[in-house]
>>> print(open('entry-v3.txt').read())   # compact mmCIF, C-alpha atoms
# COMPACT_ATOMS: atom_id res chain seq x y z
CA MET F 1 118.89 102.08 116.89
CA ALA F 2 117.13 104.32 114.37
CA LYS F 3 118.76 107.63 113.62
CA LYS F 4 116.71 110.80 113.77
CA LYS F 5 116.90 113.32 110.97
CA MET F 6 118.29 116.54 112.36
CA ALA F 7 116.86 119.85 111.22
CA GLN F 8 119.39 121.96 109.35
CA ALA F 9 119.74 125.64 110.03
CA ALA F 10 118.85 128.08 107.28
CA GLY F 11 120.98 131.11 106.46
CA ASP F 12 119.26 133.17 109.15
CA GLY F 13 119.78 130.48 111.76
CA THR F 14 116.16 129.28 111.65
CA PRO F 15 115.94 125.47 111.75
CA LYS F 16 114.63 123.93 108.54
CA ARG F 17 112.36 120.93 108.78
CA PRO F 18 113.52 117.89 106.81
CA GLY F 19 111.15 116.88 104.05
CA PRO F 20 110.79 115.99 100.37
CA ARG F 21 112.14 118.44 97.82
CA GLY F 22 110.17 119.46 94.76
CA ASN F 23 111.21 119.07 91.15
CA PHE F 24 111.47 122.81 90.51
CA HIS F 25 113.83 125.27 92.17
CA GLY F 26 115.29 128.72 91.65
CA LEU F 27 114.06 130.56 88.58
CA ARG F 28 111.94 127.61 87.47
CA LEU F 29 110.02 127.70 90.73
CA LYS F 30 109.78 131.49 90.56
CA PHE F 31 108.16 131.22 87.13
CA LEU F 32 105.61 128.60 88.20
CA GLU F 33 104.66 130.48 91.34
CA SER F 34 104.15 133.66 89.32
CA LYS F 35 101.55 131.82 87.22
CA LEU F 36 99.48 130.49 90.10
CA PRO F 37 96.95 133.37 90.06
CA THR F 38 96.39 132.80 86.34
CA PHE F 39 96.02 129.07 86.93
CA PHE F 40 93.39 129.57 89.63
CA ASP F 41 91.49 131.93 87.31
CA LYS F 42 91.54 129.27 84.59
CA VAL F 43 90.34 126.62 87.05
CA SER F 44 87.45 128.80 88.17
CA ALA F 45 86.52 129.46 84.54
CA ARG F 46 87.05 125.77 83.63
CA LYS F 47 89.49 126.75 80.89
CA THR F 48 92.68 125.00 81.95
CA HIS F 49 92.45 122.52 79.07
CA ASN F 50 93.41 125.19 76.55
CA TRP F 51 95.86 126.85 78.94
CA TRP F 52 98.36 123.99 79.25
CA PRO F 53 99.92 124.46 75.78
CA VAL F 54 100.24 128.18 76.53
CA ILE F 55 102.03 127.72 79.86
CA HIS F 56 104.29 125.03 78.41
CA ALA F 57 105.30 127.31 75.53
CA GLU F 58 106.05 130.18 77.91
CA TYR F 59 108.03 127.87 80.18
CA TRP F 60 110.31 126.81 77.33
CA SER F 61 110.70 130.40 76.15
CA ARG F 62 112.38 131.17 79.48
CA ILE F 63 114.03 127.86 80.29
CA SER F 64 116.25 125.98 77.87
CA TRP F 65 115.51 122.29 77.48
CA ARG F 66 119.28 121.75 77.35
CA VAL F 67 119.72 122.74 81.03
CA PRO F 68 119.12 119.85 83.47
CA LEU F 69 116.51 120.34 86.19
CA ASP F 70 119.14 120.35 88.92
CA GLN F 71 121.02 123.26 87.31
CA GLU F 72 120.02 126.93 87.31
CA VAL F 73 119.10 128.53 84.00
CA ASP F 74 120.47 131.72 82.44
CA SER F 75 118.87 134.66 84.28
CA THR F 76 119.00 137.05 81.32
CA MET F 77 117.24 134.67 78.93
CA PHE F 78 114.80 133.85 81.71
CA ASP F 79 113.89 137.50 82.36
CA ASP F 80 113.66 138.34 78.66
CA ALA F 81 112.00 135.06 77.62
CA SER F 82 114.72 134.90 74.99
CA VAL F 83 115.70 131.24 74.91
CA PRO F 84 116.60 130.53 71.25
CA ILE F 85 113.90 128.72 69.31
CA GLU F 86 115.36 125.47 68.03
CA ILE F 87 113.11 123.84 65.49
CA ASP F 88 113.45 120.11 65.02
CA GLU F 89 114.60 120.42 61.41
CA ASP F 90 117.74 122.27 62.52
CA LEU F 91 118.68 119.74 65.20
CA SER F 92 120.72 116.59 64.92
CA GLU F 93 118.88 113.33 65.45
CA GLU F 94 120.48 113.00 68.87
CA ASP F 95 119.46 116.51 69.96
CA LYS F 96 115.99 116.09 68.51
CA GLN F 97 115.49 112.92 70.53
CA MET F 98 116.86 114.55 73.68
CA LYS F 99 114.57 117.57 73.26
CA THR F 100 111.55 115.33 72.79
CA GLU F 101 112.39 113.24 75.84
CA VAL F 102 113.01 116.28 78.06
CA MET F 103 109.77 118.00 77.10
CA LYS F 104 107.82 114.76 77.35
CA LYS F 105 109.11 114.41 80.90
CA VAL F 106 108.90 118.01 82.10
CA ASN F 107 105.57 119.13 80.61
CA PRO F 108 103.55 116.64 82.73
CA MET F 109 105.62 117.66 85.76
CA VAL F 110 104.66 121.28 85.20
CA LYS F 111 101.01 120.31 84.92
CA THR F 112 101.21 118.17 88.05
CA TRP F 113 102.87 121.02 89.96
CA PHE F 114 99.86 123.22 89.27
CA THR F 115 97.15 120.59 89.77
CA ASN F 116 98.65 119.61 93.13
CA ARG F 117 97.96 123.17 94.27
CA LYS F 118 94.42 123.29 92.94
CA SER F 119 92.78 122.37 96.25
CA LYS F 120 94.71 125.12 98.02
CA GLY F 121 93.46 127.78 95.65
CA VAL F 122 90.00 126.52 94.73
CA PRO F 123 88.65 124.10 97.35
CA LYS F 124 85.73 122.09 95.99
CA THR F 125 84.34 118.59 95.64
CA SER F 126 85.42 116.78 92.51
CA VAL F 127 82.76 116.37 89.83
CA TRP F 128 83.84 112.70 89.73
CA SER F 129 82.88 112.00 93.37
CA THR F 130 79.45 110.54 92.64
CA PHE F 131 80.78 108.48 89.74
CA LEU F 132 83.52 106.95 91.90
CA LYS F 133 80.94 106.11 94.54
CA GLN F 134 78.95 104.25 91.89
CA LEU F 135 81.92 102.00 91.14
CA VAL F 136 81.72 100.40 94.57
CA GLN F 137 77.96 100.02 94.74
CA PRO F 138 76.61 96.52 95.48
CA THR F 139 75.71 94.27 92.56
CA GLY F 140 74.04 91.30 94.26
CA GLY F 141 70.52 92.65 94.56
CA VAL F 142 68.63 93.92 97.60
CA PRO F 143 70.21 92.49 100.78
CA LYS F 144 68.11 89.69 102.27
CA LYS F 145 67.32 89.55 105.93
CA ARG F 146 69.18 86.80 107.78
CA ASN F 147 67.14 84.27 109.66
CA ILE F 148 67.75 84.39 113.38
CA ALA F 149 70.08 81.39 113.33
CA GLN F 150 72.30 83.06 110.72
CA TYR F 151 72.36 86.27 112.74
CA TYR F 152 73.12 84.40 115.95
CA MET F 153 76.03 82.42 114.49
CA VAL F 154 77.90 85.59 113.39
CA HIS F 155 77.02 87.74 116.41
CA THR F 156 80.15 88.76 118.29
CA ASP F 157 78.66 87.65 121.62
CA TYR F 158 77.74 84.14 120.48
CA LYS F 159 79.96 83.25 117.52
CA ALA F 160 82.68 81.65 119.66
CA LYS F 161 80.15 79.40 121.39
CA VAL F 162 78.69 78.25 118.08
CA ASP F 163 82.15 77.67 116.58
CA THR F 164 83.28 75.56 119.53
CA GLU F 165 80.23 73.31 119.37
CA PHE F 166 80.49 73.08 115.59
CA ASP F 167 84.16 72.05 115.66
CA HIS F 168 83.39 69.42 118.28
CA ARG F 169 80.49 67.95 116.28
CA VAL F 170 82.45 67.86 113.02
CA GLU F 171 85.40 66.11 114.64
CA GLU F 172 83.34 63.63 116.66
CA GLU F 173 80.87 62.70 113.93
CA ASP F 174 83.13 63.13 110.88
CA ILE F 175 80.57 65.34 109.16
CA PRO F 176 81.31 65.97 105.43
CA PRO F 177 81.87 69.57 104.24
CA SER F 178 78.63 69.53 102.28
CA GLU F 179 76.74 69.35 105.59
CA HIS F 180 78.76 71.97 107.50
CA LEU F 181 76.45 74.93 106.91
CA LYS F 182 73.40 72.88 107.82
CA ILE F 183 75.00 71.71 111.07
CA ARG F 184 76.22 75.20 111.98
CA SER F 185 72.71 76.62 111.45
CA TYR F 186 71.21 73.82 113.54
CA ILE F 187 73.62 74.54 116.41
CA ALA F 188 73.00 78.30 116.26
CA LYS F 189 69.22 77.82 116.30
CA LYS F 190 69.48 75.40 119.23
CA PHE F 191 71.51 77.89 121.27
CA PHE F 192 69.18 80.75 120.35
CA LEU F 193 66.15 78.81 121.56
CA GLN F 194 67.94 78.23 124.87
CA GLU F 195 68.27 81.98 125.48
CA ASP F 196 65.81 83.74 127.78
CA LYS F 197 62.87 85.69 126.39
CA GLU F 198 64.48 89.10 126.84
CA THR F 199 67.62 88.06 124.96
CA LYS F 200 65.59 86.55 122.12
CA GLU F 201 63.57 89.75 121.70
CA ARG F 202 66.72 91.87 121.76
CA LEU F 203 68.40 89.74 119.09
CA GLU F 204 65.29 89.80 116.89
CA LYS F 205 65.23 93.62 117.06
CA GLU F 206 68.97 93.84 116.34
CA ASN F 207 68.53 91.60 113.30
CA ASP F 208 65.68 93.77 112.01
CA LEU F 209 67.68 96.97 112.51
CA THR F 210 70.77 95.51 110.84
CA HIS F 211 68.72 94.53 107.80
CA LYS F 212 67.13 97.98 107.54
CA LYS F 213 70.57 99.60 107.61
CA MET F 214 71.83 97.26 104.88
CA VAL F 215 68.83 98.04 102.67
CA ALA F 216 69.22 101.79 103.25
CA ALA F 217 72.91 101.63 102.31
CA TYR F 218 72.06 99.60 99.20
CA GLU F 219 69.40 102.06 98.06
CA ALA F 220 71.69 105.03 98.68
CA ALA F 221 74.43 103.43 96.59
CA TRP F 222 72.03 102.74 93.72
CA LYS F 223 70.87 106.31 93.31
CA GLY F 224 71.53 107.34 89.73
CA LEU F 225 74.29 109.65 88.61
CA PRO F 226 73.19 113.29 88.47
CA PRO F 227 72.84 114.85 85.02
CA ILE F 228 75.96 116.80 84.07
CA ASN F 229 75.65 119.94 81.98
CA PRO F 230 78.28 120.98 79.39
CA ASP F 231 80.20 123.04 81.95
CA GLY F 232 80.28 120.06 84.27
CA GLN F 233 81.51 117.85 81.44
CA ASP F 234 84.33 120.30 80.74
CA GLU F 235 85.26 120.24 84.42
CA ALA F 236 85.23 116.44 84.43
CA LEU F 237 87.46 116.44 81.35
CA GLU F 238 89.94 118.71 83.12
CA GLU F 239 90.16 116.26 86.03
CA LEU F 240 90.16 113.10 83.92
CA GLU F 241 93.93 112.76 83.76
CA GLU F 242 94.28 112.91 87.55
CA LEU F 243 91.61 110.22 87.84
CA VAL F 244 92.79 107.83 85.13
CA GLN F 245 96.58 108.18 85.04
CA PRO F 246 97.25 106.20 88.26
CA LEU F 247 95.11 103.38 86.86
CA LEU F 248 97.00 103.37 83.54
CA ASP F 249 100.32 103.45 85.41
CA GLY F 250 99.16 100.44 87.41
CA PHE F 251 98.28 98.56 84.23
CA GLU F 252 101.76 99.27 82.89
CA ALA F 253 103.44 98.19 86.13
CA TYR F 254 101.57 94.87 86.14
CA THR F 255 101.75 94.06 82.43
CA GLY F 256 104.74 95.93 81.04
CA VAL F 257 102.40 97.40 78.41
CA ARG F 258 101.90 101.16 78.16
CA PHE F 259 98.21 102.03 77.81
CA VAL F 260 96.78 105.21 76.30
CA LEU F 261 93.18 106.31 76.77
CA THR F 262 91.65 108.02 73.73
CA GLY F 263 88.22 109.62 73.56
CA GLY F 264 86.19 111.83 71.26
CA ARG F 265 83.16 114.09 71.56
CA PRO F 266 80.90 115.31 68.73
CA PRO F 267 80.54 119.07 68.21
CA ARG F 268 78.08 120.72 70.58
CA GLN F 269 77.26 123.34 67.97
CA GLU F 270 77.44 123.36 64.19
CA SER F 271 80.30 125.85 64.24
CA SER F 272 82.37 123.99 66.82
CA LYS F 273 84.96 121.28 66.24
CA TYR F 274 85.07 117.62 67.12
CA THR F 275 86.90 117.18 70.45
CA VAL F 276 89.54 114.46 70.67
CA VAL F 277 91.39 113.76 73.91
CA VAL F 278 94.38 111.45 74.37
>>> encode(input="entry-v3.txt", output="structure tokens")
Amino acid sequence: MAKKKMAQAAGDGTPKRPGPRGNFHGLRLKFLESKLPTFFDKVSARKTHNWWPVIHAEYWSRISWRVPLDQEVDSTMFDDASVPIEIDEDLSEEDKQMKTEVMKKVNPMVKTWFTNRKSKGVPKTSVWSTFLKQLVQPTGGVPKKRNIAQYYMVHTDYKAKVDTEFDHRVEEEDIPPSEHLKIRSYIAKKFFLQEDKETKERLEKENDLTHKKMVAAYEAAWKGLPPINPDGQDEALEELEELVQPLLDGFEAYTGVRFVLTGGRPPRQESSKYTVVV
């Protein structure tokens, strides 16, 4: 018999609902929550790309990389942002490697913590929505209308009847697979012609309507992507990691190879710099 999780009482006696715990607690969580208004401002202004290095640097100025995530940090150094700066040249090889690994692990977690709260602060449709829709658009050309025998043989009201007759004919006459479709179509057409006039007219109309819906869906899917202005491109760049990272993680899980996506963009103005994103 399955056991139910019992709600635990908080300090004030209020039951606490069981649920997943986050990665950040105590002073770490306090720091991140204090930066949410700034994060939402950056999202609205589409300037989060340049903000991540800033928030990471401030995080490490208050929280020592030497303190594990499940342990509380020094409150004085946290309040004063006075965690000692330890440059790599002054560290042992072991400490240097540990520092690199910790920051490589925690920095993306910090970013994910904020991006997971984006929809709560700035609800909007992703700029990638239309692009993702394009990925599943049909590629086989405009859908062709089925002839009435084809429609009849797959219709939910008549499919079983056609299948039964087909199975009987194949077994009795030992019909080769190359002739199966031809025989099935013949049987469906025979049964259709045996229907009364009203049923035939209804099925013809249903077939026409089904085809029109398929064509409409095809045309809607093939509408071109809307032009994206520079601001829209910046917004898409901000959301690119959320879009691509699960795919790259899947590649790694299936192949054991870690993939990195690298891209570049020419300067938009003569005075601007070439943009490279990894």
>>> residues_around(input="entry-v3.txt", residues="Val83 in chain F", least_positions_apart="6", cutoff="7 Å", atoms="only C-alpha atoms", output="ChimeraX atom specification")
/F:61-64,77
>>> atom_distance(input="entry-v3.txt", atom1="CA of Ser75 in chain F", atom2="CA of Ile55 in chain F")
18.7 Å
>>> residues_around(input="entry-v3.txt", residues="Arg202 in chain F", least_positions_apart="6", cutoff="12 Å", atoms="only C-alpha atoms", output="PyMOL selection string")
chain F and resi 148+152+192+195-196+208-209
>>> atom_distance(input="entry-v3.txt", atom1="CA of Ala217 in chain F", atom2="CA of Pro143 in chain F")
9.7 Å
>>> closest_residue(input="entry-v3.txt", among="F:Gly26, F:Pro37, F:Gly256, F:Pro53", to="Asp70 in chain F", atoms="only C-alpha atoms")
F:Gly26
>>> closest_residue(input="entry-v3.txt", among="F:Ala149, F:Leu247, F:Val67, F:Ala216", to="Arg184 in chain F", atoms="all atoms listed in the file")
F:Ala149
>>> atom_distance(input="entry-v3.txt", atom1="CA of Arg146 in chain F", atom2="CA of His211 in chain F")
7.7 Å
>>> residues_near_point(input="entry-v3.txt", point="(108.6, 133.9, 89.6)", cutoff="12 Å", atoms="only C-alpha atoms", output="list in words")
Phe24, His25, Gly26, Leu27, Arg28, Leu29, Lys30, Phe31, Leu32, Glu33, Ser34, Lys35, Leu36, Pro37, Tyr59, Arg62, Ser75, Phe78 and Asp79 of chain F
>>> residues_near_point(input="entry-v3.txt", point="(107.6, 120.5, 77.2)", cutoff="9 Å", atoms="only C-alpha atoms", output="list of chain:residue names")
F:Pro53, F:His56, F:Ala57, F:Tyr59, F:Trp60, F:Trp65, F:Lys99, F:Thr100, F:Glu101, F:Val102, F:Met103, F:Lys104, F:Lys105, F:Val106, F:Asn107, F:Pro108, F:Val110
>>> closest_residue(input="entry-v3.txt", among="F:Val73, F:Leu243, F:Val142, F:Ala236", to="Val43 in chain F", atoms="all atoms listed in the file")
F:Ala236
>>> closest_residue(input="entry-v3.txt", among="F:Glu242, F:Asp90, F:Asp234, F:Glu252", to="Asn50 in chain F", atoms="only C-alpha atoms")
F:Asp234
